[in-house]
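Next comes work_21.json, with JSON, C-alpha atoms.
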[["chain", "number", "residue", "atom", "x", "y", "z"],
["A", 13, "MET", "CA", 0.00, 0.00, 0.00],
["A", 14, "ALA", "CA", 1.36, 3.41, -0.92],
["A", 15, "PHE", "CA", 1.97, 5.83, 1.94],
["A", 16, "GLN", "CA", -0.89, 8.32, 2.05],
["A", 17, "THR", "CA", 0.28, 11.87, 1.49],
["A", 18, "ARG", "CA", -1.62, 13.46, 4.39],
["A", 19, "ALA", "CA", -0.97, 13.78, 8.10],
["A", 20, "ALA", "CA", -3.38, 14.78, 10.87],
["A", 21, "ILE", "CA", -2.06, 16.85, 13.77],
["A", 22, "THR", "CA", -3.82, 17.35, 17.10],
["A", 23, "GLY", "CA", -2.36, 20.35, 18.89],
["A", 24, "VAL", "CA", -1.36, 21.90, 15.55],
["A", 25, "THR", "CA", -2.00, 25.44, 16.83],
["A", 26, "GLY", "CA", 0.40, 24.93, 19.75],
["A", 27, "TYR", "CA", 4.00, 26.09, 19.78],
["A", 28, "ILE", "CA", 5.51, 22.82, 18.55],
["A", 29, "GLY", "CA", 2.65, 21.83, 16.26],
["A", 30, "ARG", "CA", 2.39, 24.99, 14.21],
["A", 31, "GLY", "CA", 5.90, 24.54, 12.84],
["A", 32, "LEU", "CA", 5.21, 21.05, 11.49],
["A", 33, "PRO", "CA", 3.00, 21.62, 8.39],
["A", 34, "ALA", "CA", 5.80, 23.28, 6.41],
["A", 35, "LEU", "CA", 8.17, 20.43, 7.28],
["A", 36, "LEU", "CA", 5.57, 17.85, 6.26],
["A", 37, "ALA", "CA", 4.95, 19.73, 3.00],
["A", 38, "ALA", "CA", 8.65, 19.31, 2.21],
["A", 39, "LYS", "CA", 8.01, 15.56, 2.47],
["A", 40, "GLY", "CA", 5.02, 15.83, 0.13],
["A", 41, "MET", "CA", 2.38, 15.59, 2.85],
["A", 42, "ALA", "CA", -0.69, 17.81, 3.28],
["A", 43, "VAL", "CA", -2.05, 18.47, 6.78],
["A", 44, "THR", "CA", -5.38, 18.09, 8.53],
["A", 45, "GLY", "CA", -5.42, 20.21, 11.67],
["A", 46, "VAL", "CA", -7.42, 19.32, 14.77],
["A", 47, "SER", "CA", -8.46, 22.16, 17.06],
["A", 48, "ARG", "CA", -11.25, 22.78, 19.55],
["A", 49, "SER", "CA", -12.92, 25.28, 17.23],
["A", 50, "GLY", "CA", -12.39, 23.26, 14.07],
["A", 51, "LYS", "CA", -10.24, 26.06, 12.69],
["A", 52, "GLY", "CA", -7.14, 27.98, 13.60],
["A", 53, "GLU", "CA", -4.07, 29.87, 12.49],
["A", 54, "ALA", "CA", -1.43, 27.45, 11.31],
["A", 55, "ALA", "CA", 0.23, 27.96, 7.95],
["A", 56, "GLY", "CA", 0.07, 24.91, 5.73],
["A", 57, "VAL", "CA", -3.12, 23.37, 7.14],
["A", 58, "ASP", "CA", -5.70, 22.88, 4.37],
["A", 59, "ARG", "CA", -8.34, 20.94, 6.34],
["A", 60, "TRP", "CA", -9.71, 21.38, 9.85],
["A", 61, "GLN", "CA", -11.79, 19.31, 12.25],
["A", 62, "THR", "CA", -12.64, 19.26, 15.94],
["A", 63, "PRO", "CA", -11.57, 16.65, 18.52],
["A", 64, "ASP", "CA", -15.12, 15.29, 18.39],
["A", 65, "GLN", "CA", -14.83, 14.55, 14.67],
["A", 66, "LEU", "CA", -11.42, 12.84, 14.38],
["A", 67, "ASP", "CA", -11.76, 11.38, 10.92],
["A", 68, "PHE", "CA", -8.35, 10.16, 9.81],
["A", 69, "SER", "CA", -9.47, 8.88, 6.41],
["A", 70, "GLY", "CA", -6.70, 9.30, 3.86],
["A", 71, "CYS", "CA", -4.06, 10.01, 6.51],
["A", 72, "GLY", "CA", -0.80, 8.13, 6.48],
["A", 73, "ALA", "CA", 0.25, 9.58, 9.82],
["A", 74, "VAL", "CA", -1.31, 10.99, 12.98],
["A", 75, "ILE", "CA", 0.73, 13.33, 15.19],
["A", 76, "ASN", "CA", -0.90, 13.70, 18.60],
["A", 77, "LEU", "CA", 0.43, 16.73, 20.50],
["A", 78, "ALA", "CA", -2.66, 17.89, 22.38],
["A", 79, "GLY", "CA", -2.40, 18.50, 26.11],
["A", 80, "GLU", "CA", -3.27, 21.10, 28.75],
["A", 81, "PRO", "CA", -0.09, 23.05, 29.70],
["A", 82, "ILE", "CA", 1.34, 21.56, 32.86],
["A", 83, "ASN", "CA", 3.50, 24.54, 33.94],
["A", 84, "GLN", "CA", 0.95, 25.80, 36.50],
["A", 85, "ARG", "CA", -0.28, 24.90, 39.97],
["A", 86, "TRP", "CA", -1.69, 21.36, 39.99],
["A", 87, "THR", "CA", -5.12, 21.87, 41.54],
["A", 88, "GLU", "CA", -7.57, 18.98, 41.51],
["A", 89, "GLU", "CA", -9.40, 20.61, 38.59],
["A", 90, "LYS", "CA", -6.13, 21.04, 36.68],
["A", 91, "ARG", "CA", -5.16, 17.42, 37.31],
["A", 92, "ARG", "CA", -8.49, 16.36, 35.83],
["A", 93, "ARG", "CA", -7.84, 18.50, 32.75],
["A", 94, "PHE", "CA", -4.27, 17.21, 32.43],
["A", 95, "ARG", "CA", -5.60, 13.66, 32.28],
["A", 96, "GLU", "CA", -8.55, 14.38, 30.01],
["A", 97, "SER", "CA", -6.43, 16.29, 27.50],
["A", 98, "ARG", "CA", -3.75, 13.59, 27.41],
["A", 99, "VAL", "CA", -4.93, 10.12, 28.35],
["A", 100, "ASP", "CA", -8.62, 10.40, 27.47],
["A", 101, "HIS", "CA", -7.94, 12.36, 24.29],
["A", 102, "THR", "CA", -5.34, 9.82, 23.14],
["A", 103, "ARG", "CA", -7.82, 7.01, 23.67],
["A", 104, "LYS", "CA", -10.21, 8.88, 21.38],
["A", 105, "VAL", "CA", -7.46, 9.21, 18.76],
["A", 106, "VAL", "CA", -6.80, 5.46, 18.87],
["A", 107, "ALA", "CA", -10.54, 4.73, 18.73],
["A", 108, "ALA", "CA", -10.82, 6.90, 15.62],
["A", 109, "ILE", "CA", -8.01, 4.95, 14.00],
["A", 110, "GLY", "CA", -9.77, 1.70, 14.91],
["A", 111, "ARG", "CA", -12.97, 2.80, 13.18],
["A", 112, "LEU", "CA", -11.19, 2.75, 9.82],
["A", 113, "PRO", "CA", -10.83, -0.42, 7.76],
["A", 114, "ALA", "CA", -7.43, -2.02, 8.37],
["A", 115, "SER", "CA", -6.24, -1.15, 4.86],
["A", 116, "GLU", "CA", -7.05, 2.55, 5.38],
["A", 117, "ARG", "CA", -5.52, 3.12, 8.80],
["A", 118, "PRO", "CA", -2.55, 5.47, 9.29],
["A", 119, "ARG", "CA", 0.74, 3.66, 9.28],
["A", 120, "VAL", "CA", 2.20, 5.62, 12.19],
["A", 121, "LEU", "CA", 1.02, 7.40, 15.33],
["A", 122, "VAL", "CA", 3.49, 9.83, 16.90],
["A", 123, "SER", "CA", 2.11, 10.71, 20.32],
["A", 124, "GLY", "CA", 3.33, 13.08, 23.00],
["A", 125, "SER", "CA", 4.78, 12.22, 26.38],
["A", 126, "ALA", "CA", 7.44, 13.79, 28.60],
["A", 127, "VAL", "CA", 10.68, 12.98, 30.40],
["A", 128, "GLY", "CA", 8.63, 13.32, 33.57],
["A", 129, "PHE", "CA", 7.91, 9.63, 32.88],
["A", 130, "TYR", "CA", 11.15, 8.80, 34.73],
["A", 131, "GLY", "CA", 10.41, 10.72, 37.93],
["A", 132, "ASP", "CA", 13.53, 11.74, 39.84],
["A", 133, "GLY", "CA", 16.34, 9.78, 38.22],
["A", 134, "LYS", "CA", 19.12, 11.46, 40.23],
["A", 135, "ASP", "CA", 22.40, 11.13, 38.30],
["A", 136, "GLU", "CA", 21.51, 8.00, 36.34],
["A", 137, "PHE", "CA", 21.66, 8.12, 32.54],
["A", 138, "LEU", "CA", 18.07, 7.61, 31.41],
["A", 139, "THR", "CA", 17.70, 5.82, 28.11],
["A", 140, "GLU", "CA", 14.30, 4.72, 26.88],
["A", 141, "GLU", "CA", 14.83, 1.43, 28.70],
["A", 142, "ALA", "CA", 14.76, 3.09, 32.13],
["A", 143, "PRO", "CA", 11.68, 2.35, 34.26],
["A", 144, "ALA", "CA", 8.92, 4.79, 35.11],
["A", 145, "GLY", "CA", 9.07, 6.78, 38.31],
["A", 146, "SER", "CA", 6.45, 6.66, 41.04],
["A", 147, "ASP", "CA", 5.22, 10.25, 41.34],
["A", 148, "TYR", "CA", 2.15, 11.92, 39.86],
["A", 149, "LEU", "CA", 3.77, 13.07, 36.62],
["A", 150, "SER", "CA", 5.32, 9.64, 36.04],
["A", 151, "GLU", "CA", 1.93, 7.99, 36.40],
["A", 152, "LEU", "CA", 0.32, 10.50, 34.04],
["A", 153, "CYS", "CA", 2.98, 9.95, 31.37],
["A", 154, "ARG", "CA", 2.81, 6.16, 31.77],
["A", 155, "ASP", "CA", -0.96, 6.13, 31.27],
["A", 156, "TRP", "CA", -0.62, 8.56, 28.36],
["A", 157, "GLU", "CA", 1.85, 6.27, 26.61],
["A", 158, "GLU", "CA", -0.20, 3.15, 27.32],
["A", 159, "ALA", "CA", -3.23, 4.81, 25.71],
["A", 160, "ALA", "CA", -1.21, 5.50, 22.55],
["A", 161, "SER", "CA", 0.32, 2.02, 22.52],
["A", 162, "GLU", "CA", -3.13, 0.48, 22.08],
["A", 163, "ALA", "CA", -2.81, 1.46, 18.41],
["A", 164, "GLN", "CA", -0.13, -1.22, 17.98],
["A", 165, "GLY", "CA", -2.90, -3.81, 18.11],
["A", 166, "LEU", "CA", -4.45, -2.06, 15.11],
["A", 167, "GLY", "CA", -1.33, -2.58, 13.00],
["A", 168, "VAL", "CA", -0.02, 0.96, 13.54],
["A", 169, "ARG", "CA", 3.60, 1.80, 14.32],
["A", 170, "VAL", "CA", 3.55, 3.88, 17.51],
["A", 171, "VAL", "CA", 6.18, 6.35, 18.70],
["A", 172, "THR", "CA", 5.74, 8.00, 22.11],
["A", 173, "LEU", "CA", 7.92, 11.10, 22.32],
["A", 174, "ARG", "CA", 9.21, 11.87, 25.82],
["A", 175, "THR", "CA", 9.97, 15.55, 25.45],
["A", 176, "GLY", "CA", 12.34, 17.58, 27.61],
["A", 177, "VAL", "CA", 12.32, 21.36, 28.11],
["A", 178, "VAL", "CA", 11.73, 22.87, 24.66],
["A", 179, "LEU", "CA", 13.85, 25.93, 23.91],
["A", 180, "GLY", "CA", 12.85, 28.22, 21.07],
["A", 181, "ARG", "CA", 12.01, 31.81, 20.24],
["A", 182, "GLY", "CA", 8.35, 32.44, 20.97],
["A", 183, "GLY", "CA", 8.12, 29.38, 23.20],
["A", 184, "ASP", "CA", 6.81, 29.81, 26.71],
["A", 185, "ALA", "CA", 9.78, 28.25, 28.51],
["A", 186, "PHE", "CA", 12.52, 30.14, 26.68],
["A", 187, "GLU", "CA", 10.74, 33.51, 26.62],
["A", 188, "LYS", "CA", 10.22, 33.39, 30.39],
["A", 189, "LEU", "CA", 13.87, 32.51, 30.92],
["A", 190, "ARG", "CA", 15.04, 35.23, 28.53],
["A", 191, "LYS", "CA", 12.97, 37.85, 30.30],
["A", 192, "ILE", "CA", 14.09, 36.87, 33.80],
["A", 193, "PHE", "CA", 17.76, 36.56, 32.90],
["A", 194, "GLY", "CA", 17.59, 39.71, 30.78],
["A", 195, "MET", "CA", 16.65, 41.64, 33.92],
["A", 196, "GLY", "CA", 19.58, 40.10, 35.78],
["A", 197, "LEU", "CA", 17.26, 38.14, 38.05],
["A", 198, "GLY", "CA", 18.18, 34.63, 36.95],
["A", 199, "GLY", "CA", 19.50, 31.90, 39.17],
["A", 200, "ARG", "CA", 19.49, 28.18, 39.80],
["A", 201, "LEU", "CA", 16.41, 26.33, 41.04],
["A", 202, "GLY", "CA", 16.92, 24.68, 44.41],
["A", 203, "ASP", "CA", 20.51, 23.51, 44.72],
["A", 204, "GLY", "CA", 20.77, 23.35, 40.91],
["A", 205, "HIS", "CA", 22.16, 19.81, 41.08],
["A", 206, "GLN", "CA", 19.24, 18.31, 39.15],
["A", 207, "TRP", "CA", 19.74, 17.32, 35.51],
["A", 208, "MET", "CA", 17.67, 19.27, 33.01],
["A", 209, "PRO", "CA", 16.97, 17.57, 29.66],
["A", 210, "TRP", "CA", 16.42, 20.23, 27.00],
["A", 211, "ILE", "CA", 15.96, 20.34, 23.23],
["A", 212, "HIS", "CA", 15.97, 23.09, 20.61],
["A", 213, "VAL", "CA", 12.52, 23.41, 19.05],
["A", 214, "ASP", "CA", 13.97, 22.96, 15.55],
["A", 215, "ASP", "CA", 15.45, 19.61, 16.56],
["A", 216, "LEU", "CA", 12.22, 18.51, 18.23],
["A", 217, "ARG", "CA", 10.15, 19.30, 15.16],
["A", 218, "ALA", "CA", 12.72, 17.56, 12.94],
["A", 219, "ALA", "CA", 12.61, 14.53, 15.25],
["A", 220, "ILE", "CA", 8.83, 14.34, 14.88],
["A", 221, "ILE", "CA", 9.14, 14.37, 11.10],
["A", 222, "HIS", "CA", 11.85, 11.71, 11.36],
["A", 223, "ALA", "CA", 9.49, 9.58, 13.44],
["A", 224, "VAL", "CA", 6.80, 9.92, 10.76],
["A", 225, "VAL", "CA", 8.95, 8.88, 7.81],
["A", 226, "SER", "CA", 11.14, 6.29, 9.54],
["A", 227, "GLU", "CA", 10.20, 2.68, 8.92],
["A", 228, "SER", "CA", 11.98, 1.41, 12.03],
["A", 229, "LEU", "CA", 11.58, 3.88, 14.91],
["A", 230, "ALA", "CA", 8.96, 2.67, 17.39],
["A", 231, "GLY", "CA", 8.16, 2.72, 21.09],
["A", 232, "PRO", "CA", 9.32, 5.34, 23.59],
["A", 233, "VAL", "CA", 11.74, 7.97, 22.26],
["A", 234, "ASN", "CA", 13.50, 10.60, 24.36],
["A", 235, "GLY", "CA", 12.89, 13.99, 22.73],
["A", 236, "SER", "CA", 15.90, 15.68, 24.29],
["A", 237, "ALA", "CA", 19.36, 16.79, 23.19],
["A", 238, "PRO", "CA", 22.33, 14.44, 23.62],
["A", 239, "ALA", "CA", 23.91, 16.69, 26.27],
["A", 240, "PRO", "CA", 21.56, 17.40, 29.20],
["A", 241, "GLU", "CA", 22.72, 20.04, 31.67],
["A", 242, "ARG", "CA", 22.56, 20.35, 35.41],
["A", 243, "ASN", "CA", 20.27, 23.23, 36.26],
["A", 244, "ARG", "CA", 23.12, 25.22, 37.79],
["A", 245, "ASP", "CA", 25.24, 24.81, 34.64],
["A", 246, "PHE", "CA", 22.32, 25.66, 32.37],
["A", 247, "THR", "CA", 21.76, 28.80, 34.45],
["A", 248, "ARG", "CA", 25.42, 29.81, 34.29],
["A", 249, "LYS", "CA", 25.72, 29.27, 30.54],
["A", 250, "LEU", "CA", 22.50, 31.14, 29.73],
["A", 251, "ALA", "CA", 23.49, 34.07, 31.93],
["A", 252, "SER", "CA", 26.95, 34.20, 30.37],
["A", 253, "ALA", "CA", 25.54, 34.13, 26.83],
["A", 254, "MET", "CA", 23.24, 37.04, 27.75],
["A", 255, "HIS", "CA", 26.03, 38.91, 29.54],
["A", 256, "ARG", "CA", 24.02, 38.99, 32.74],
["A", 257, "PRO", "CA", 24.68, 37.79, 36.29],
["A", 258, "ALA", "CA", 22.99, 34.70, 37.73],
["A", 259, "ILE", "CA", 22.99, 35.51, 41.44],
["A", 260, "PHE", "CA", 19.39, 34.97, 42.51],
["A", 261, "PRO", "CA", 18.87, 31.27, 43.28],
["A", 262, "VAL", "CA", 15.31, 30.22, 44.05],
["A", 263, "PRO", "CA", 15.17, 27.98, 47.17],
["A", 264, "ALA", "CA", 13.21, 24.75, 46.85],
["A", 265, "PHE", "CA", 10.81, 25.77, 49.63],
["A", 266, "ALA", "CA", 9.99, 29.01, 47.77],
["A", 267, "LEU", "CA", 9.26, 27.11, 44.56],
["A", 268, "ARG", "CA", 6.91, 24.78, 46.41],
["A", 269, "LEU", "CA", 5.23, 27.71, 48.15],
["A", 270, "VAL", "CA", 4.55, 29.52, 44.87],
["A", 271, "LEU", "CA", 4.03, 26.62, 42.47],
["A", 272, "GLY", "CA", 2.73, 23.82, 44.66],
["A", 273, "ASP", "CA", 3.24, 20.32, 43.28],
["A", 274, "PHE", "CA", 4.51, 21.68, 39.94],
["A", 275, "ALA", "CA", 7.73, 22.53, 41.78],
["A", 276, "THR", "CA", 8.42, 18.79, 41.89],
["A", 277, "ALA", "CA", 8.77, 18.75, 38.10],
["A", 278, "LEU", "CA", 11.31, 21.59, 38.25],
["A", 279, "LEU", "CA", 13.37, 20.03, 41.02],
["A", 280, "SER", "CA", 13.37, 16.43, 39.78],
["A", 281, "SER", "CA", 16.45, 15.21, 37.94],
["A", 282, "GLN", "CA", 16.24, 13.52, 34.53],
["A", 283, "ARG", "CA", 19.55, 12.84, 32.82],
["A", 284, "ALA", "CA", 17.72, 11.70, 29.70],
["A", 285, "VAL", "CA", 19.62, 10.88, 26.53],
["A", 286, "PRO", "CA", 18.10, 10.27, 23.06],
["A", 287, "SER", "CA", 19.42, 6.75, 22.49],
["A", 288, "ALA", "CA", 16.55, 5.65, 20.24],
["A", 289, "LEU", "CA", 16.76, 8.67, 17.93],
["A", 290, "VAL", "CA", 20.53, 8.42, 17.56],
["A", 291, "ALA", "CA", 20.35, 4.67, 16.92],
["A", 292, "ASP", "CA", 17.76, 5.32, 14.20],
["A", 293, "GLY", "CA", 20.09, 7.71, 12.38],
["A", 294, "PHE", "CA", 18.64, 11.04, 13.48],
["A", 295, "ARG", "CA", 21.16, 13.87, 13.52],
["A", 296, "PHE", "CA", 20.76, 16.78, 15.89],
["A", 297, "ARG", "CA", 21.50, 20.26, 14.65],
["A", 298, "PHE", "CA", 22.05, 21.45, 18.23],
["A", 299, "GLU", "CA", 23.69, 18.74, 20.32],
["A", 300, "THR", "CA", 24.99, 21.02, 23.07],
["A", 301, "LEU", "CA", 23.72, 24.11, 24.83],
["A", 302, "GLU", "CA", 26.78, 26.00, 23.60],
["A", 303, "GLU", "CA", 25.60, 25.34, 20.03],
["A", 304, "ALA", "CA", 21.96, 26.20, 20.74],
["A", 305, "LEU", "CA", 22.26, 29.44, 22.69],
["A", 306, "PRO", "CA", 23.78, 31.62, 19.95],
["A", 307, "ASP", "CA", 20.97, 30.59, 17.63],
["A", 308, "LEU", "CA", 18.29, 31.16, 20.25],
["A", 309, "LEU", "CA", 19.59, 34.57, 21.28],
["A", 310, "ASP", "CA", 20.47, 35.95, 17.83],
["A", 311, "LYS", "CA", 17.51, 34.75, 15.78],
["A", 312, "GLY", "CA", 14.55, 36.94, 14.85]]

Please re-express this file's structure in structure tokens.
Amino acid sequence: MAFQTRAAITGVTGYIGRGLPALLAAKGMAVTGVSRSGKGEAAGVDRWQTPDQLDFSGCGAVINLAGEPINQRWTEEKRRRFRESRVDHTRKVVAAIGRLPASERPRVLVSGSAVGFYGDGKDEFLTEEAPAGSDYLSELCRDWEEAASEAQGLGVRVVTLRTGVVLGRGGDAFEKLRKIFGMGLGGRLGDGHQWMPWIHVDDLRAAIIHAVVSESLAGPVNGSAPAPERNRDFTRKLASAMHRPAIFPVPAFALRLVLGDFATALLSSQRAVPSALVADGFRFRFETLEEALPDLLDKG
């Protein structure tokens, strides 16, 4: 069967998703965008539908990036929305694939996850073979991945992308850091000893496209650069690149006071490395923070 020349993207209007249609077009693929309103602003999307429609007819690939932002206080209501927008939504995606005849199903599902899967890994190198942690975020990511993996029983190749901190102009994480450090108010989080897996947004988008077109990549994939940084080193390098001091550390107790349980995600250590991507032949444009920062700070 020929590979269908269309991909569907849930979360296409988000920061990562909106950069994918142009990359898919370069591979000869048109894009169906999925948004709550059934429309949106994302260059390169020629068809729209809502999450309640989810008709993947004619799609060779589904890229599932939907999810309520987790960088906020984790109230009970927010936890419900985190789960609905990830686990429950992914189950609906898989159900929509299952409604198609076997010969018309997408050949690949690339579905989101996060390095929070591993919990606090201390100083251990975390390849995709490492076990899940035992905290709230680990459980959420595990259930999220299990929901996506159900598509394997439908004859679909499944890739679950465990993303690290995404750095890119216009992205929430980097713009907040740039503003804080630009004012000379930057500093490590807690003792800064925790490992921080990061990835340049261009590499993450390229990795997603690689996952779509690869015939061999499957299962969990760490979406992080080959050289994770300790938080204190990341802080020092960013401050130096911006010619600003980094003298205002944020104590762990203050993070927990302001951010509640979300502080756990910032203080946990994940020394994640992208073993699966590298083994599958993917080449990073920005392997180290020293390579990424000049691009991030000079672009635009």

At a cut-off of 12 Å from (-8.0, 0.3, 9.3) in the coordinates of the file, what residues are picked up using all atoms listed in the file, written as a PyMOL selection string? chain A and resi 67-72+106-120+163-168

May I have the residues within 9 Å of A:His205 as a list in words, using all atoms listed in the file and disregarding those fewer than 6 positions away in the same chain? Lys134, Arg242, Asn243, Arg244, Asp245, Leu279 and Ser281 of chain A

State, in Å with one decimal place, the distance from atom CA of A:Pro240 to atom CA of A:Arg174.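 Separating atom CA of A:Pro240 from atom CA of A:Arg174 is a distance of 13.9 Å.
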
Rounded to one decimal, what separation in Å do you get between atom CA of A:Arg95 and atom CA of A:Pro286?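 Atom CA of A:Pro286 lies 25.7 Å from atom CA of A:Arg95.
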
Which residues, protein or nucleic acid, reach to within 7 Å of (-0.6, 13.3, 20.9) in the file's coordinates when using only C-alpha atoms, and can you give that as a count of residues only? 9

As a JSON list (two decimals), keeping the file's coordinate frame, the rebuilt stretch 236-254 of chain A with N, CA and C atoms:
[["chain", "number", "residue", "atom", "x", "y", "z"],
["A", 236, "SER", "N", 15.01, 14.77, 23.58],
["A", 236, "SER", "CA", 15.90, 15.68, 24.29],
["A", 236, "SER", "C", 17.27, 15.64, 23.62],
["A", 237, "ALA", "N", 18.05, 16.69, 23.81],
["A", 237, "ALA", "CA", 19.36, 16.79, 23.19],
["A", 237, "ALA", "C", 20.32, 15.78, 23.82],
["A", 238, "PRO", "N", 21.40, 15.45, 23.10],
["A", 238, "PRO", "CA", 22.33, 14.44, 23.62],
["A", 238, "PRO", "C", 23.10, 14.88, 24.87],
["A", 239, "ALA", "N", 23.13, 16.19, 25.14],
["A", 239, "ALA", "CA", 23.91, 16.69, 26.27],
["A", 239, "ALA", "C", 23.03, 17.44, 27.27],
["A", 240, "PRO", "N", 22.34, 16.71, 28.17],
["A", 240, "PRO", "CA", 21.56, 17.40, 29.20],
["A", 240, "PRO", "C", 22.49, 18.20, 30.11],
["A", 241, "GLU", "N", 21.94, 19.17, 30.79],
["A", 241, "GLU", "CA", 22.72, 20.04, 31.67],
["A", 241, "GLU", "C", 22.16, 19.99, 33.09],
["A", 242, "ARG", "N", 23.05, 20.08, 34.07],
["A", 242, "ARG", "CA", 22.56, 20.35, 35.41],
["A", 242, "ARG", "C", 21.95, 21.74, 35.42],
["A", 243, "ASN", "N", 20.94, 21.93, 36.23],
["A", 243, "ASN", "CA", 20.27, 23.23, 36.26],
["A", 243, "ASN", "C", 21.24, 24.38, 36.55],
["A", 244, "ARG", "N", 22.18, 24.15, 37.45],
["A", 244, "ARG", "CA", 23.12, 25.22, 37.79],
["A", 244, "ARG", "C", 24.03, 25.56, 36.62],
["A", 245, "ASP", "N", 24.40, 24.55, 35.80],
["A", 245, "ASP", "CA", 25.24, 24.81, 34.64],
["A", 245, "ASP", "C", 24.44, 25.47, 33.53],
["A", 246, "PHE", "N", 23.20, 25.02, 33.34],
["A", 246, "PHE", "CA", 22.32, 25.66, 32.37],
["A", 246, "PHE", "C", 22.17, 27.14, 32.71],
["A", 247, "THR", "N", 21.92, 27.43, 33.98],
["A", 247, "THR", "CA", 21.76, 28.80, 34.45],
["A", 247, "THR", "C", 23.01, 29.63, 34.16],
["A", 248, "ARG", "N", 24.16, 29.09, 34.49],
["A", 248, "ARG", "CA", 25.42, 29.81, 34.29],
["A", 248, "ARG", "C", 25.68, 30.09, 32.82],
["A", 249, "LYS", "N", 25.44, 29.10, 31.96],
["A", 249, "LYS", "CA", 25.72, 29.27, 30.54],
["A", 249, "LYS", "C", 24.75, 30.26, 29.89],
["A", 250, "LEU", "N", 23.47, 30.20, 30.29],
["A", 250, "LEU", "CA", 22.50, 31.14, 29.73],
["A", 250, "LEU", "C", 22.84, 32.56, 30.17],
["A", 251, "ALA", "N", 23.15, 32.74, 31.44],
["A", 251, "ALA", "CA", 23.49, 34.07, 31.93],
["A", 251, "ALA", "C", 24.72, 34.61, 31.22],
["A", 252, "SER", "N", 25.72, 33.77, 31.04],
["A", 252, "SER", "CA", 26.95, 34.20, 30.37],
["A", 252, "SER", "C", 26.67, 34.60, 28.92],
["A", 253, "ALA", "N", 25.86, 33.82, 28.23],
["A", 253, "ALA", "CA", 25.54, 34.13, 26.83],
["A", 253, "ALA", "C", 24.77, 35.44, 26.71],
["A", 254, "MET", "N", 24.01, 35.79, 27.76],
["A", 254, "MET", "CA", 23.24, 37.04, 27.75],
["A", 254, "MET", "C", 23.98, 38.18, 28.42]]
